[in-house]
Protein chains: 2
Amino acid sequence: MKESLKICFSLFFLLFPVLTPVVGQQTLQWSEIYPGIWKAVAGEPEKVTLLKAADVTANVLALNDLPKAGFPLPGDKIDLKIVDHKIYLRFPLVRDEQLFGLGLHFQTVNQRGRILNLHVDHFGGTDNGRNHAPVPFYISSKGYGVLVDAARYITVYAGTGVRLESDDPPVLYDRNTDRNWDAQPYSDAVEILIPAEGAEIYVFAGPTPMNVVQRYNLMNGGGCLPPKWGLGFTQRVPTLYNQDDILREVAEFGDHNFPLDFIGLEPGWHSMAYPCTFEWDKTRYPDPVNFLKTLADKGITTNIWFNPYVSPKGILYPGLKKFSGSHTVWNGIVPDLTIAEVREIYKDHFVKNHIEIGVGAYKIDEVDGYDFWLWPDVATFPSGTSSEQMRQIYGLTLQSMTTSWFREKNRRTYGLVRGTNAGSSSFPYVIYNDYYSHRDFITALVNSSFIGVLWVPEVRSSKSAEEWVRRMQSVCFSPMAMLDAWADNTKPWSFPEVEQAVRDVANLRMQILPYLYTTFAQYHFQGIPPFRAMSLVEGFGFRSLTIEGKLDGTENPYAISIKQDIMDQYMMGDYILVAPMFTGEKSRKVYLPAGKWYDFYNGNLVGENEVIEITPGLDKIPLFVKDGGIIPMMPVHRNALEAEKKLTLEIRHYGTAEGSFDLYDDDGRSYNFEKGDYSFTRLSVSKDKRGRLRGSVSSQVPGKPFSYNNDVVWKFMTLIK
Amino acid sequence: MKESLKICFSLFFLLFPVLTPVVGQQTLQWSEIYPGIWKAVAGEPEKVTLLKAADVTANVLALNDLPKAGFPLPGDKIDLKIVDHKIYLRFPLVRDEQLFGLGLHFQTVNQRGRILNLHVDHFGGTDNGRNHAPVPFYISSKGYGVLVDAARYITVYAGTGVRLESDDPPVLYDRNTDRNWDAQPYSDAVEILIPAEGAEIYVFAGPTPMNVVQRYNLMNGGGCLPPKWGLGFTQRVPTLYNQDDILREVAEFGDHNFPLDFIGLEPGWHSMAYPCTFEWDKTRYPDPVNFLKTLADKGITTNIWFNPYVSPKGILYPGLKKFSGSHTVWNGIVPDLTIAEVREIYKDHFVKNHIEIGVGAYKIDEVDGYDFWLWPDVATFPSGTSSEQMRQIYGLTLQSMTTSWFREKNRRTYGLVRGTNAGSSSFPYVIYNDYYSHRDFITALVNSSFIGVLWVPEVRSSKSAEEWVRRMQSVCFSPMAMLDAWADNTKPWSFPEVEQAVRDVANLRMQILPYLYTTFAQYHFQGIPPFRAMSLVEGFGFRSLTIEGKLDGTENPYAISIKQDIMDQYMMGDYILVAPMFTGEKSRKVYLPAGKWYDFYNGNLVGENEVIEITPGLDKIPLFVKDGGIIPMMPVHRNALEAEKKLTLEIRHYGTAEGSFDLYDDDGRSYNFEKGDYSFTRLSVSKDKRGRLRGSVSSQVPGKPFSYNNDVVWKFMTLIK
């Protein structure tokens, strides 16, 4: 009998190897997998996860360069339970701690006190976790981070739940009589519900929140480095434009003396779209090879739109049908991207018909939501990957696939995507959406810096010239300077009364590229995001304003207080603070970090560690530079091809402090920089014996390529009294 | 070895009886459990479900009286899969079918084409399934219904997902060129995701949608029959009022000659509230026994507010602590209501300290949401009931508990609750919330009729006299005529310029009680809801208006069409159509069903099976009566105690058709009607030989009690030419 019992149990585990019985309390075993990054496994990890879908390699060398740090949390306050095939996690919080990340939010920055159900979706107007990049990663103002790697709809209670057995419980107040009563009492924990048998958990050390972000980005391969053309101006054309319309459009950009680096083709290039064929429409694009070559000769790269749902009218349909999910999207099949054969079928077609004939980038649409037309959570896929998992990784996988195709050709790309997730730092894709609040777009830009993604506050149309110029100004100070005219047929000069102001800011974007390109190099080599929330900036602190709630029987029955974050200003790189203006506003507040700050345009001192009120004109976006800031600029030019002529740098210095800037350069197009073909050139400003500022350029390390001539012009912007 | 294998398997099922391995495709076995109601079991049903929490007995006798009907769906088109511990269900749809129910929606009626995640919650401004009564029950316009009994966050794709293998797939259109392209293609199925190992599924036959609703309500015990005082006017007083304040308030109602049947006490009656002690505050209520008696002598019943979270300062705390969940709400413990001992502890205290000294009803607050202060989904409870299940049944269980306490005393109650679920038809509770859109409140009233719940469009405050009178008018044509002044200290006469109009409609409410009480008797005895969506009304059809979507790059990028339901009018009982007016509107459209309709106030014909435009004054709520409609009314009176004097009925008749009305009566207070102590009196209007209408009153069946004298007054409202 004993023997047979043994057999019994062996047999049981043989027959039901994946069943995890209800188990309750467990312990996480942390191991340091990279310097300052620890990993632990909860339950049985799943075959499909976010990081597995992203499939990137950590930049270990760069991780080694970050400050040494020990495990940043009290291990005994981290709690794991497995209940009913679900993971319950708890991490501690202390008073005054703020939390950032957990998705591409549009209306909030500090997530403490919020509940987020992380679900890839189109942003629906409320920050609830459903958005274009619901990355399960949070960064604490105390200088540590936590990532949950599971392709599931994870719910994060970011300091909301209050445990009976809390070490630091909230004070008990009587609402009847005590004005201190608070609808949302103090919570000392982040609690996380992962509806899965298992997950991999990562903890990141600081010491600063920026170090946490750097470790996250470097573990995910470092930030993307776009080709130089990707940082120029781009116009997306109306959906049914044909190749002649586009050539005319390009000529018009010349006539208007407006920069243009790449053109975006919308659904009309497909022989059928929604669902897609991925084949050139013969009536609108009779000769795509020559068309793309003509554009390339003018220095224009081409980006083409698609969504990944395959039309029954397309040649890919028969081959992909058997590998597709149970449900269709707009009558198109949804291929199971976790199957290698599926990825090969896409690759063969896309490389041959797009990339090899000159297409430079993709716009990957509708991999986010809306639920009303995407596959439901009851859909099934041939690999056994659940619908929920597929939803969480679809955009991520498409970025991974397409990036690798371009990489194999040693050509950098820089595209657009509407849904992503954890692990995508290194993918050269910028997120966009259909929501269109200018102010909220800037908040998304702020939040993008926490979670290893890029976001474009794209411009489509405007109700007034004021709105037009304000939107164009801020998109030119974002990862992609884009006008998306797919439906509205707008042009940069659509509002003649502000045409010059729009041209000015687009030209400024082009002039500032040496600075911006270096900022992206920081993203790649050090994991520092190019566009940064103020909370990540040294000397800023973690300001937020609490407005005490006032009881109102219909408007605010729980007398809830409102926390106001700083969400309408951000840093571009190390030195430039951007404070966009919004329609209808003649003035705004700007929060200046510690140190002196100077007006970008005239070099005047504007303040120091304080809140200033500014009333700029319509013609400029308010920009401020840190004391000692060095901004390398180049002459106005229309695109990257023009820039390949050796141009003269104008190097600006602001304020009174000494400073330096390591200017990055490479060929701007290939992946050769990964083999060492790049240069860092130190631009320094120091004081001479008489206390006057002097600029100097060091020799380049390793030295090439370097696109500029050495005949630089130094410009000291601040008048020293 | 064979023997030992046998032992193995026996042992396996002994050790792991609840583990359901991943199984895939399954078949549902339907059995007819009541006439026209079939049940099937999917997977392993759970210990805690909605209907088990409600714990009511079906009214089998009444179910037997409904039309005979066969299984209303093609069984081969119902699909069940069990995948990864989740149930996937599919039910077929046909073209032109509409779906109703699935929650207490505020902005939509027809749910076809929507996705709902059914989750007990405060309504957050969007109809997404999170609301106060997310009942997993839908009614088809084709005359059948489906109920899923699982206390889980069920996702319903109510005709959104499109399967590759659909029998009736949508037409393929090219969005590039075809204007027929639709963002949301035709779907031929309801798909349901139940995140549980099992669920019980019910199918209800019609033939009419109303029959479906009747079967649902009767299976759940039949609709509630409130005490007569519950249908009078109620005022909820400011939260810190003391017993003297309340007696003064009652006197003021007399001074203003305004009806008043019951008073609602808000949190201040507790010695501490948020969390609660459930004990009388000695400073504000030094003598609750005499206070309640004084009110009762004046004919005023008392309702007291609570939320179920127990204060550490209360005497119940020590006894309940060990039976409570892991998390607190406002520092109060959350008792595990699935434990019998917990229910007994509540009962002992509540019966002794409230019910036995005269409290007549409860207002059960905050059993819905918001998530920010309720227990999180990672909370655990001592019984092993999951947090999710607890959330879905908490309000339901409290209704079941409190109803049974009053029933044991043979006293009917009629209270307020903010969260409920399936199975609550028989509970004498009306749902309310903190949202305050007058128009949306009426849509909720419309939707309440599908799912066996009652809803009150409560009045708190208003920005103008117009808003005040419009809100007061519609609340007087709802299940509870309530002014909730807890925060705003408003009175019915707060806007003197409309005081008379407000008094008029409150008095009309009191006059119409014989009709309304009978309407509730229909709810109880036949399962027909007292307030009814037009879609449930014979002769109405299922109108909805589709406004074709217009492409707009920023406002409507998918050119989505909008379906407009009829959601601002409803029936009260068989004869009265209510068409409330909203602030700022001088006129409105009214959709009249088939047959002739007459103005309630003057008996004039207004139309027949058509849409009319009306421009009523501020002083009246538009009401219309069906041809042949008989409305028994009584004299103006201030409360149920006054009404116990035998009063004379005024019986109105509208139109030119013969008709009859079975007037219900009983003692209005006890459950003796369940033992047969009630009367149905037939009021008939027929034509005499000369074609003139004559009214007659039949003897009562069974005959008593009957609160009116037999000396009725007939009033023929429509002038016959």
# chains A, B, ... in the order shown; residues from 1 in each chain; ligands from 1
>>> residues_around(residues="B:Ala151", least_positions_apart="6", cutoff="8 Å", atoms="only C-alpha atoms", output="PDB file with C-alpha atoms, in the first residue's frame")
ATOM      1  CA  VAL B  48     -21.422  31.492  -2.264  1.00  0.00           C
ATOM      2  CA  THR B  49     -23.715  32.702  -5.049  1.00  0.00           C
ATOM      3  CA  LEU B  50     -26.146  35.579  -5.475  1.00  0.00           C
ATOM      4  CA  GLU B 388     -14.925  39.622  -4.864  1.00  0.00           C
ATOM      5  CA  GLN B 389     -17.801  37.406  -3.769  1.00  0.00           C
ATOM      6  CA  MET B 390     -18.235  39.417  -0.577  1.00  0.00           C
ATOM      7  CA  GLN B 392     -21.148  41.126  -4.867  1.00  0.00           C
ATOM      8  CA  ILE B 393     -23.352  39.912  -1.995  1.00  0.00           C
TER       9      ILE B 393
END
>>> residues_around(residues="A:Ser448", least_positions_apart="4", cutoff="9 Å", atoms="only C-alpha atoms", output="list in words")
Gly101, Gly103, Leu104, His105, Ala133, Thr443, Ala444, Gly452, Val453, Leu454, Trp455, Pro529, Phe531, Arg532 and Ala533 of chain A
>>> closest_residue(among="A:Thr546, A:Ser166, A:Asn211, A:Gln569", to="chain B", atoms="only C-alpha atoms")
A:Ser166
>>> select_by_dssp(residues="stretch 155-293 of chain B", states="strand (DSSP E)", output="JSON, numbers by chain")
{"B": [155, 156, 157, 158, 162, 163, 189, 190, 191, 192, 193, 194, 198, 199, 200, 201, 202, 203, 204, 205, 233, 234, 235, 236, 262, 263, 264, 265]}
>>> residues_around(residues="A:Val310", least_positions_apart="4", cutoff="8 Å", atoms="only C-alpha atoms", output="list of chain:residue names")
A:Pro275, A:Cys276, A:Thr277, A:Gly314, A:Leu316, A:Tyr317, A:Gly332, A:Ile333, A:Val334, A:Pro335
>>> write_last_selection(atoms="N, CA and C atoms", output="JSON list (two decimals), in the first residue's frame")
[["chain", "number", "residue", "atom", "x", "y", "z"],
["A", 275, "PRO", "N", -10.43, 45.32, -42.31],
["A", 275, "PRO", "CA", -9.11, 44.77, -42.02],
["A", 275, "PRO", "C", -8.14, 45.03, -43.18],
["A", 276, "CYS", "N", -6.88, 44.68, -42.94],
["A", 276, "CYS", "CA", -5.82, 45.09, -43.84],
["A", 276, "CYS", "C", -5.32, 43.97, -44.74],
["A", 277, "THR", "N", -4.81, 44.39, -45.91],
["A", 277, "THR", "CA", -4.15, 43.43, -46.81],
["A", 277, "THR", "C", -2.63, 43.55, -46.73],
["A", 314, "GLY", "N", -6.78, 39.56, -48.55],
["A", 314, "GLY", "CA", -5.33, 39.70, -48.67],
["A", 314, "GLY", "C", -4.64, 38.36, -48.86],
["A", 316, "LEU", "N", -2.16, 37.18, -47.35],
["A", 316, "LEU", "CA", -1.69, 36.53, -46.11],
["A", 316, "LEU", "C", -2.78, 35.68, -45.45],
["A", 317, "TYR", "N", -4.03, 35.95, -45.83],
["A", 317, "TYR", "CA", -5.16, 35.34, -45.11],
["A", 317, "TYR", "C", -5.13, 33.81, -45.09],
["A", 332, "GLY", "N", -11.47, 40.91, -39.86],
["A", 332, "GLY", "CA", -10.11, 40.43, -40.10],
["A", 332, "GLY", "C", -9.73, 39.41, -39.04],
["A", 333, "ILE", "N", -8.93, 38.44, -39.43],
["A", 333, "ILE", "CA", -8.48, 37.47, -38.44],
["A", 333, "ILE", "C", -7.41, 38.10, -37.55],
["A", 334, "VAL", "N", -7.28, 37.53, -36.36],
["A", 334, "VAL", "CA", -6.31, 38.00, -35.37],
["A", 334, "VAL", "C", -5.25, 36.92, -35.19],
["A", 335, "PRO", "N", -4.14, 37.03, -35.94],
["A", 335, "PRO", "CA", -3.14, 35.97, -35.85],
["A", 335, "PRO", "C", -2.54, 35.85, -34.45]]
>>> atom_distance(atom1="atom CA of A:Val498", atom2="atom CA of A:Ala579")
19.5 Å
>>> closest_residue(among="B:Tyr678, B:Tyr157, B:Phe673, B:Tyr432", to="A:Trp375", atoms="only C-alpha atoms")
B:Tyr157
>>> interface_residues(of="chain B", to="chain A", cutoff="7 Å", atoms="only C-alpha atoms", output="PyMOL selection string")
chain B and resi 4+8+88+160-164+172+174-176+183-185+193+267-268+272-274+326-328+330-331+372-373+375-376+378+434+436+460+487-488+552-554
>>> residues_around(residues="stretch 630-635 of chain A", least_positions_apart="5", cutoff="9 Å", atoms="only C-alpha atoms", output="list in words")
Asn507, Leu508, Met510, Gln511, Ile512, Leu513, Pro514, Tyr515, Tyr575, Ile576, Val625, Ala643, Leu647, Thr648, Leu649, Glu650, Ile651, Arg652, His653, Tyr654, Gly659, Ser660, Phe661, Leu663, Leu683, Ser684, Val685 and Tyr708 of chain A
>>> residues_around(residues="A:Trp30", least_positions_apart="2", cutoff="12 Å", atoms="only C-alpha atoms", output="list in words")
Thr27, Leu28, Glu32, Ile33, Tyr34, Gly36, Ile37, Trp38, Lys39, Ala40, Val41, Ala42, Gly70, Phe71, Pro72, Leu73, Pro74, Gly75, Asp76, Ile78, Glu200, Ile201, Tyr202, Val203 and Phe204 of chain A
>>> closest_residue(among="B:Lys293, B:Asp281, B:Phe233, B:Phe582", to="B:Phe253", atoms="only C-alpha atoms")
B:Phe233
>>> residues_around(residues="B:Phe100", least_positions_apart="4", cutoff="7 Å", atoms="only C-alpha atoms", output="list of chain:residue names")
B:Val109, B:Asn110, B:Gln111, B:Tyr138, B:Ile139, B:Ser140, B:Phe450
>>> residues_around(residues="A:Phe495", least_positions_apart="6", cutoff="8 Å", atoms="only C-alpha atoms", output="list in words")
Ser464, Ala465 and Trp468 of chain A
